[in-house]
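Let me begin by presenting the structure, written as structure tokens, before commenting on it.
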Amino acid sequence: VRIGLDIGGTNTDAVALARDGRELARVRRPSGFGADEVIASAEAAVRESVAQAGARLADVTSIGVGIPGVIDQLSGRVQHAVNLGVVDLHLAERLSRRLTVPVFVENDVKAASLGAWHLLHLTGSAALLNFGTGLAAGVVVEGRLWRGARGTAGEIGHIPVDPTGVVCSCGQAGCLETLASGSAIARMWPTDAALPAVDLFDRADAGDGEAGRVRATFVDGVAQAVRLLALSVDVETVVIGGGLSGLGDRLHGPVLEVFARWAQASPFLASLDLPARTRMLPAGAPVAAVGAALLGSVPEFA
Ligand SMILES: [Zn+2]
């Protein structure tokens with residue numbers, strides 16, 4: 001049995017996978033805040049998923065963890081996971097000491113891209129675009145994570161696309177993340193609604209002019225992110241994931257309209273065939289936990 005954990009700012013999701021990749025159990029519990037609570041919650045999630053799978057801890061060959069923040073995947077150390085209140089945590093070391101099972105740690109978006117590659121039965125190369133609070137992508141080539149020379153492969157949210165744009169959290173101006181992310185919507189469409197993106201799309205559908213303009217800016221940014229991946233790494237498939245992919249066809253449709261507009265203006269872009277290469281992540285697919293469960297079992301680039 002392999003266990004995968006997706007430790008998010010609110011919840012920790014766990015899956016137990018059989019050797020052949022079948023899902024045996026799925027568990028969700030609150031992540032807690034601060035290093036000690038995060039570790040305690042992760043341990044509990046592992047024990048619950050093992051029990052639900054009808055297995056024993058001795059049957060577990062590896063535990064993988066996807067977590068936001070700056071990851072040293074060789075040592076399993078996590079730094080600056082701000083939403084979890086974690087400044088510096090030797091996650092692999094502390095969790096493996098409690099459970100006596102090898103623990104692998106990876107950035108959550110990278111883990112999710114590996115999970116999407118497997119759950120969607122993709123072949124060749126693919127990227128998962130994660131539209132959450134921020135914007136980042138994970139790149140998978142032939143089933144292996146492509147991290148790049150310094151681990152920043154796929155950090156396309158911080159490619160500036162508008163020199164006159166607002167200053168990003170990274171210090172640059174007009175990053176793609178300032179147009180196409182949850183934080184971008186929060187800035188461009190201030191609302192008390194529980195789901196600001198849904199509220200934005202509802203208001204735009206109802207004919208609100210300002211909502212329509214903000215939505216167009218956001219959708220254009222999403223399409224730009226797909227185009228960036230196609231032009232820079234030429235992955236065969238781009239999967240639109242992250243919390244905002246919950247918009248489903250309401251997002252997919254307008255993105256396809258942007259592609260069609262570009263294709264009319266540019267035979268070169270038309271030849272890229274972006275519509276056929278872009279997929280929405282199915283709602284509720286536990287990609288980060290599944291990808292985490294695969295850590296340590298899939299081949300790595302040297
Ligand atoms: Zn930035």
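Ligands are numbered from 1 in the order shown, residues from 1 within each chain, and chains are lettered A, B, ... in the order they appear in the structure tokens.
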
List every residue of chain A that has an atom at most 9 Å from any atom of ligand 1, and for each one report the closest atom pair and its distance in Å to one decimal, counting only C-alpha atoms and all ligand atoms, with rows sorted by chain and then by increasing residue number, as a Markdown table.
| residue | atom | partner | partner_atom_place_in_ligand_line | distance |
| --- | --- | --- | --- | --- |
| A:Ile156 | CA | ligand 1 | 1 (Zn) | 8.8 |
| A:Gly157 | CA | ligand 1 | 1 (Zn) | 6.3 |
| A:His158 | CA | ligand 1 | 1 (Zn) | 3.7 |
| A:Ile159 | CA | ligand 1 | 1 (Zn) | 6.7 |
| A:Pro160 | CA | ligand 1 | 1 (Zn) | 7.0 |
| A:Val167 | CA | ligand 1 | 1 (Zn) | 7.7 |
| A:Cys168 | CA | ligand 1 | 1 (Zn) | 4.6 |
| A:Ser169 | CA | ligand 1 | 1 (Zn) | 5.7 |
| A:Cys170 | CA | ligand 1 | 1 (Zn) | 4.3 |
| A:Gly171 | CA | ligand 1 | 1 (Zn) | 6.3 |
| A:Gln172 | CA | ligand 1 | 1 (Zn) | 5.4 |
| A:Ala173 | CA | ligand 1 | 1 (Zn) | 7.0 |
| A:Gly174 | CA | ligand 1 | 1 (Zn) | 7.3 |
| A:Cys175 | CA | ligand 1 | 1 (Zn) | 4.7 |
| A:Leu176 | CA | ligand 1 | 1 (Zn) | 7.3 |
| A:Glu177 | CA | ligand 1 | 1 (Zn) | 6.4 |
| A:Thr178 | CA | ligand 1 | 1 (Zn) | 7.4 |

Using only C-alpha atoms, which residues of region 223-292 of chain A come within 12 Å of region 138-153 of chain A, and what is the closest atom pair for each, with the distance in Å to one decimal? Give it as a tab-separated table, sorted by chain and residue number.
residue	atom	partner	partner_atom	distance
A:Leu229	CA	A:Val139	CA	9.2
A:Ala230	CA	A:Val139	CA	11.4
A:Ser232	CA	A:Ala153	CA	10.6
A:Val233	CA	A:Val139	CA	8.6
A:Asp234	CA	A:Val139	CA	10.4
A:Val235	CA	A:Val139	CA	8.0
A:Glu236	CA	A:Val141	CA	9.7
A:Thr237	CA	A:Val140	CA	10.0
A:Val238	CA	A:Val139	CA	9.3
A:Val239	CA	A:Gly138	CA	9.9
A:Ile240	CA	A:Gly138	CA	11.0
A:Gly241	CA	A:Gly138	CA	10.6
A:Gly242	CA	A:Gly138	CA	11.5
A:Val287	CA	A:Gly138	CA	11.9
A:Ala288	CA	A:Gly138	CA	11.0
A:Gly291	CA	A:Leu145	CA	10.1
A:Ala292	CA	A:Leu145	CA	11.5

I need the chosen residues saved as a PDB file, in the first residue's frame, with N, CA, C and O atoms.
ATOM      1  N   LEU A 229       2.638  27.620 -22.029  1.00  0.00           N
ATOM      2  CA  LEU A 229       3.153  26.259 -21.843  1.00  0.00           C
ATOM      3  C   LEU A 229       3.352  25.573 -23.186  1.00  0.00           C
ATOM      4  O   LEU A 229       4.324  24.843 -23.392  1.00  0.00           O
ATOM      5  N   ALA A 230       2.419  25.809 -24.121  1.00  0.00           N
ATOM      6  CA  ALA A 230       2.546  25.195 -25.440  1.00  0.00           C
ATOM      7  C   ALA A 230       3.775  25.740 -26.161  1.00  0.00           C
ATOM      8  O   ALA A 230       4.505  24.995 -26.818  1.00  0.00           O
ATOM      9  N   SER A 232       6.501  27.289 -24.748  1.00  0.00           N
ATOM     10  CA  SER A 232       7.795  27.202 -24.057  1.00  0.00           C
ATOM     11  C   SER A 232       8.255  25.760 -23.876  1.00  0.00           C
ATOM     12  O   SER A 232       9.406  25.445 -24.139  1.00  0.00           O
ATOM     13  N   VAL A 233       7.356  24.876 -23.442  1.00  0.00           N
ATOM     14  CA  VAL A 233       7.774  23.474 -23.249  1.00  0.00           C
ATOM     15  C   VAL A 233       7.079  22.525 -24.212  1.00  0.00           C
ATOM     16  O   VAL A 233       7.423  21.359 -24.262  1.00  0.00           O
ATOM     17  N   ASP A 234       6.089  23.026 -24.980  1.00  0.00           N
ATOM     18  CA  ASP A 234       5.422  22.230 -26.010  1.00  0.00           C
ATOM     19  C   ASP A 234       4.888  20.910 -25.456  1.00  0.00           C
ATOM     20  O   ASP A 234       5.069  19.854 -26.070  1.00  0.00           O
ATOM     21  N   VAL A 235       4.271  20.968 -24.276  1.00  0.00           N
ATOM     22  CA  VAL A 235       3.654  19.745 -23.749  1.00  0.00           C
ATOM     23  C   VAL A 235       2.472  19.368 -24.636  1.00  0.00           C
ATOM     24  O   VAL A 235       1.820  20.237 -25.219  1.00  0.00           O
ATOM     25  N   GLU A 236       2.204  18.087 -24.745  1.00  0.00           N
ATOM     26  CA  GLU A 236       1.115  17.623 -25.596  1.00  0.00           C
ATOM     27  C   GLU A 236      -0.242  18.061 -25.028  1.00  0.00           C
ATOM     28  O   GLU A 236      -1.135  18.467 -25.758  1.00  0.00           O
ATOM     29  N   THR A 237      -0.381  17.952 -23.691  1.00  0.00           N
ATOM     30  CA  THR A 237      -1.667  18.238 -23.047  1.00  0.00           C
ATOM     31  C   THR A 237      -1.486  19.247 -21.921  1.00  0.00           C
ATOM     32  O   THR A 237      -0.555  19.127 -21.127  1.00  0.00           O
ATOM     33  N   VAL A 238      -2.382  20.228 -21.855  1.00  0.00           N
ATOM     34  CA  VAL A 238      -2.414  21.158 -20.728  1.00  0.00           C
ATOM     35  C   VAL A 238      -3.723  20.929 -19.985  1.00  0.00           C
ATOM     36  O   VAL A 238      -4.808  21.020 -20.572  1.00  0.00           O
ATOM     37  N   VAL A 239      -3.616  20.596 -18.705  1.00  0.00           N
ATOM     38  CA  VAL A 239      -4.800  20.356 -17.883  1.00  0.00           C
ATOM     39  C   VAL A 239      -5.038  21.586 -17.015  1.00  0.00           C
ATOM     40  O   VAL A 239      -4.129  22.040 -16.307  1.00  0.00           O
ATOM     41  N   ILE A 240      -6.248  22.131 -17.092  1.00  0.00           N
ATOM     42  CA  ILE A 240      -6.605  23.285 -16.262  1.00  0.00           C
ATOM     43  C   ILE A 240      -7.146  22.756 -14.940  1.00  0.00           C
ATOM     44  O   ILE A 240      -8.187  22.094 -14.904  1.00  0.00           O
ATOM     45  N   GLY A 241      -6.391  23.016 -13.872  1.00  0.00           N
ATOM     46  CA  GLY A 241      -6.775  22.518 -12.553  1.00  0.00           C
ATOM     47  C   GLY A 241      -6.731  23.620 -11.512  1.00  0.00           C
ATOM     48  O   GLY A 241      -6.710  24.805 -11.851  1.00  0.00           O
ATOM     49  N   GLY A 242      -6.723  23.221 -10.235  1.00  0.00           N
ATOM     50  CA  GLY A 242      -6.777  24.197  -9.143  1.00  0.00           C
ATOM     51  C   GLY A 242      -8.224  24.524  -8.822  1.00  0.00           C
ATOM     52  O   GLY A 242      -9.139  24.136  -9.552  1.00  0.00           O
ATOM     53  N   VAL A 287      -6.008  14.756  -7.353  1.00  0.00           N
ATOM     54  CA  VAL A 287      -4.751  14.632  -8.089  1.00  0.00           C
ATOM     55  C   VAL A 287      -3.508  14.805  -7.212  1.00  0.00           C
ATOM     56  O   VAL A 287      -2.520  14.098  -7.403  1.00  0.00           O
ATOM     57  N   ALA A 288      -3.558  15.755  -6.269  1.00  0.00           N
ATOM     58  CA  ALA A 288      -2.345  16.007  -5.478  1.00  0.00           C
ATOM     59  C   ALA A 288      -2.043  14.824  -4.556  1.00  0.00           C
ATOM     60  O   ALA A 288      -0.889  14.417  -4.408  1.00  0.00           O
ATOM     61  N   GLY A 291      -0.880  11.902  -6.795  1.00  0.00           N
ATOM     62  CA  GLY A 291       0.488  12.174  -7.252  1.00  0.00           C
ATOM     63  C   GLY A 291       1.487  11.990  -6.129  1.00  0.00           C
ATOM     64  O   GLY A 291       2.571  11.432  -6.320  1.00  0.00           O
ATOM     65  N   ALA A 292       1.118  12.413  -4.920  1.00  0.00           N
ATOM     66  CA  ALA A 292       2.011  12.247  -3.764  1.00  0.00           C
ATOM     67  C   ALA A 292       2.242  10.767  -3.482  1.00  0.00           C
ATOM     68  O   ALA A 292       3.360  10.340  -3.175  1.00  0.00           O
TER      69      ALA A 292
END

Handout entry: Length of the CA of Asp208 (chain A) to CA of Asp162 (chain A) vector [Å]
Key =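 Going from CA of Asp208 (chain A) over to CA of Asp162 (chain A), I get 25.1 Å.
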
Exercise for the section: Step one, run DSSP on the backbone; step two, keep only residues of region 147-221 of chain A assigned to alpha helix (DSSP H); then write them as JSON, numbers by chain. Expected result: {"A": [182, 183, 184, 185, 186, 187, 188, 196, 197, 198, 199, 200, 201, 202, 203, 204, 205, 209, 210, 211, 212, 213, 214, 215, 216, 217, 218, 219, 220, 221]}

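Put simply, CA of Val103 (chain A) is 20.9 Å away from CA of Gly85 (chain A).
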
Handout entry: Spatial neighbours of Val46 (chain A), max dist 9 Å, only C-alpha atoms, sep filter under 4 positions, as a list in words
Key = Ile3, Gly4, Leu5, Ala14, Val15, Ala16, Val27, Ser41, Ala42, Val50, Ala51, Leu57, Ile63 and Leu99 of chain A

With N, CA, C and O atoms retained, could you export that selection as a PDB file, in the first residue's frame?
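The file below, out.pdb, is the result:
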ATOM      1  N   ILE A   3       0.644   5.472   0.511  1.00  0.00           N
ATOM      2  CA  ILE A   3      -0.232   6.530   1.011  1.00  0.00           C
ATOM      3  C   ILE A   3       0.201   7.857   0.394  1.00  0.00           C
ATOM      4  O   ILE A   3       1.397   8.152   0.322  1.00  0.00           O
ATOM      5  N   GLY A   4      -0.769   8.652  -0.044  1.00  0.00           N
ATOM      6  CA  GLY A   4      -0.484   9.997  -0.536  1.00  0.00           C
ATOM      7  C   GLY A   4      -1.256  11.021   0.267  1.00  0.00           C
ATOM      8  O   GLY A   4      -2.445  10.837   0.534  1.00  0.00           O
ATOM      9  N   LEU A   5      -0.589  12.091   0.679  1.00  0.00           N
ATOM     10  CA  LEU A   5      -1.231  13.165   1.438  1.00  0.00           C
ATOM     11  C   LEU A   5      -1.162  14.461   0.642  1.00  0.00           C
ATOM     12  O   LEU A   5      -0.131  14.772   0.051  1.00  0.00           O
ATOM     13  N   ALA A  14      -6.070  12.401   2.175  1.00  0.00           N
ATOM     14  CA  ALA A  14      -5.194  11.231   2.080  1.00  0.00           C
ATOM     15  C   ALA A  14      -5.837  10.196   1.181  1.00  0.00           C
ATOM     16  O   ALA A  14      -7.057  10.036   1.176  1.00  0.00           O
ATOM     17  N   VAL A  15      -5.031   9.507   0.384  1.00  0.00           N
ATOM     18  CA  VAL A  15      -5.513   8.344  -0.360  1.00  0.00           C
ATOM     19  C   VAL A  15      -4.568   7.182  -0.074  1.00  0.00           C
ATOM     20  O   VAL A  15      -3.386   7.375   0.194  1.00  0.00           O
ATOM     21  N   ALA A  16      -5.144   5.975  -0.107  1.00  0.00           N
ATOM     22  CA  ALA A  16      -4.341   4.758  -0.034  1.00  0.00           C
ATOM     23  C   ALA A  16      -4.474   4.077  -1.387  1.00  0.00           C
ATOM     24  O   ALA A  16      -5.589   3.874  -1.873  1.00  0.00           O
ATOM     25  N   VAL A  27      -9.504   9.830   2.699  1.00  0.00           N
ATOM     26  CA  VAL A  27      -9.799  10.435   3.999  1.00  0.00           C
ATOM     27  C   VAL A  27      -9.569  11.943   3.912  1.00  0.00           C
ATOM     28  O   VAL A  27      -8.665  12.390   3.207  1.00  0.00           O
ATOM     29  N   SER A  41      -1.833  16.062  12.300  1.00  0.00           N
ATOM     30  CA  SER A  41      -2.945  15.806  11.383  1.00  0.00           C
ATOM     31  C   SER A  41      -2.519  14.859  10.264  1.00  0.00           C
ATOM     32  O   SER A  41      -3.286  13.970   9.864  1.00  0.00           O
ATOM     33  N   ALA A  42      -1.297  15.035   9.787  1.00  0.00           N
ATOM     34  CA  ALA A  42      -0.788  14.145   8.732  1.00  0.00           C
ATOM     35  C   ALA A  42      -0.694  12.716   9.249  1.00  0.00           C
ATOM     36  O   ALA A  42      -1.097  11.764   8.558  1.00  0.00           O
ATOM     37  N   VAL A  50      -5.045   4.012   6.295  1.00  0.00           N
ATOM     38  CA  VAL A  50      -4.560   2.623   6.370  1.00  0.00           C
ATOM     39  C   VAL A  50      -5.664   1.732   6.930  1.00  0.00           C
ATOM     40  O   VAL A  50      -5.951   0.655   6.379  1.00  0.00           O
ATOM     41  N   ALA A  51      -6.319   2.203   7.987  1.00  0.00           N
ATOM     42  CA  ALA A  51      -7.404   1.414   8.596  1.00  0.00           C
ATOM     43  C   ALA A  51      -8.560   1.237   7.613  1.00  0.00           C
ATOM     44  O   ALA A  51      -9.103   0.139   7.460  1.00  0.00           O
ATOM     45  N   LEU A  57      -0.111  -0.703   9.173  1.00  0.00           N
ATOM     46  CA  LEU A  57       0.987   0.226   8.889  1.00  0.00           C
ATOM     47  C   LEU A  57       2.184  -0.526   8.300  1.00  0.00           C
ATOM     48  O   LEU A  57       2.904   0.004   7.447  1.00  0.00           O
ATOM     49  N   ILE A  63       5.108   6.787   2.002  1.00  0.00           N
ATOM     50  CA  ILE A  63       4.154   7.884   2.189  1.00  0.00           C
ATOM     51  C   ILE A  63       4.682   9.064   1.388  1.00  0.00           C
ATOM     52  O   ILE A  63       5.856   9.428   1.505  1.00  0.00           O
ATOM     53  N   LEU A  99       6.054   7.174  12.085  1.00  0.00           N
ATOM     54  CA  LEU A  99       5.335   6.078  11.422  1.00  0.00           C
ATOM     55  C   LEU A  99       6.264   4.964  10.938  1.00  0.00           C
ATOM     56  O   LEU A  99       5.781   3.924  10.465  1.00  0.00           O
TER      57      LEU A  99
END

Handout entry: Residue list (strand (DSSP E or B), DSSP) for region 54-245 of chain A, as a ChimeraX atom specification
Key = /A:62-67,70-72,77-81,86-90,103-107,125-131,135-141,144-146,160,167,173,175,237-241

May I have the residues within 9 Å of Gln52 (chain A) as an mmCIF file with C-alpha atoms, in the first residue's frame, using only C-alpha atoms and disregarding those fewer than 4 positions away in the same chain?
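Written output follows (result-v5.cif):
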data_model
loop_
_atom_site.group_PDB
_atom_site.id
_atom_site.type_symbol
_atom_site.label_atom_id
_atom_site.label_comp_id
_atom_site.auth_asym_id
_atom_site.auth_seq_id
_atom_site.Cartn_x
_atom_site.Cartn_y
_atom_site.Cartn_z
ATOM 1 C CA ALA A 16 -4.341 4.758 -0.034
ATOM 2 C CA LEU A 24 -8.370 1.670 -1.543
ATOM 3 C CA ALA A 25 -9.294 4.541 0.762
ATOM 4 C CA ARG A 26 -9.820 8.293 0.848
ATOM 5 C CA VAL A 27 -9.799 10.435 3.999
ATOM 6 C CA ARG A 47 -3.473 5.973 10.193
ATOM 7 C CA GLU A 48 -7.132 6.529 9.207
#

Problem - Two-atom distance - CA of Val109 (chain A), CA of Asp192 (chain A) (Å) - result: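 Those two atoms sit 27.6 Å apart.
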
Problem - Spatial neighbours of Gly296 (chain A), 9 Å, only C-alpha atoms, chain gap at least 2 places, as a ChimeraX atom specification - result: /A:62-64,103-104,292-294,298-300

Could you please take those selected residues and save C-alpha atoms as a CSV table (one decimal), in the first residue's frame?
chain,number,residue,atom,x,y,z
A,62,SER,CA,5.9,4.7,1.2
A,63,ILE,CA,4.2,7.9,2.2
A,64,GLY,CA,4.2,10.8,-0.2
A,103,VAL,CA,8.3,9.7,3.5
A,104,PHE,CA,8.8,11.7,0.3
A,292,ALA,CA,2.0,12.2,-3.8
A,293,ALA,CA,1.3,8.5,-3.3
A,294,LEU,CA,3.3,7.9,-6.5
A,298,VAL,CA,8.0,6.6,-10.4
A,299,PRO,CA,11.3,7.1,-12.2
A,300,GLU,CA,13.1,10.4,-11.6

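Residue nearest Arg98 (chain A) within the list A:Ile39, A:Val166, A:Leu135, A:Ala116: A:Ile39 [criterion: smallest interatomic distance, only C-alpha atoms].
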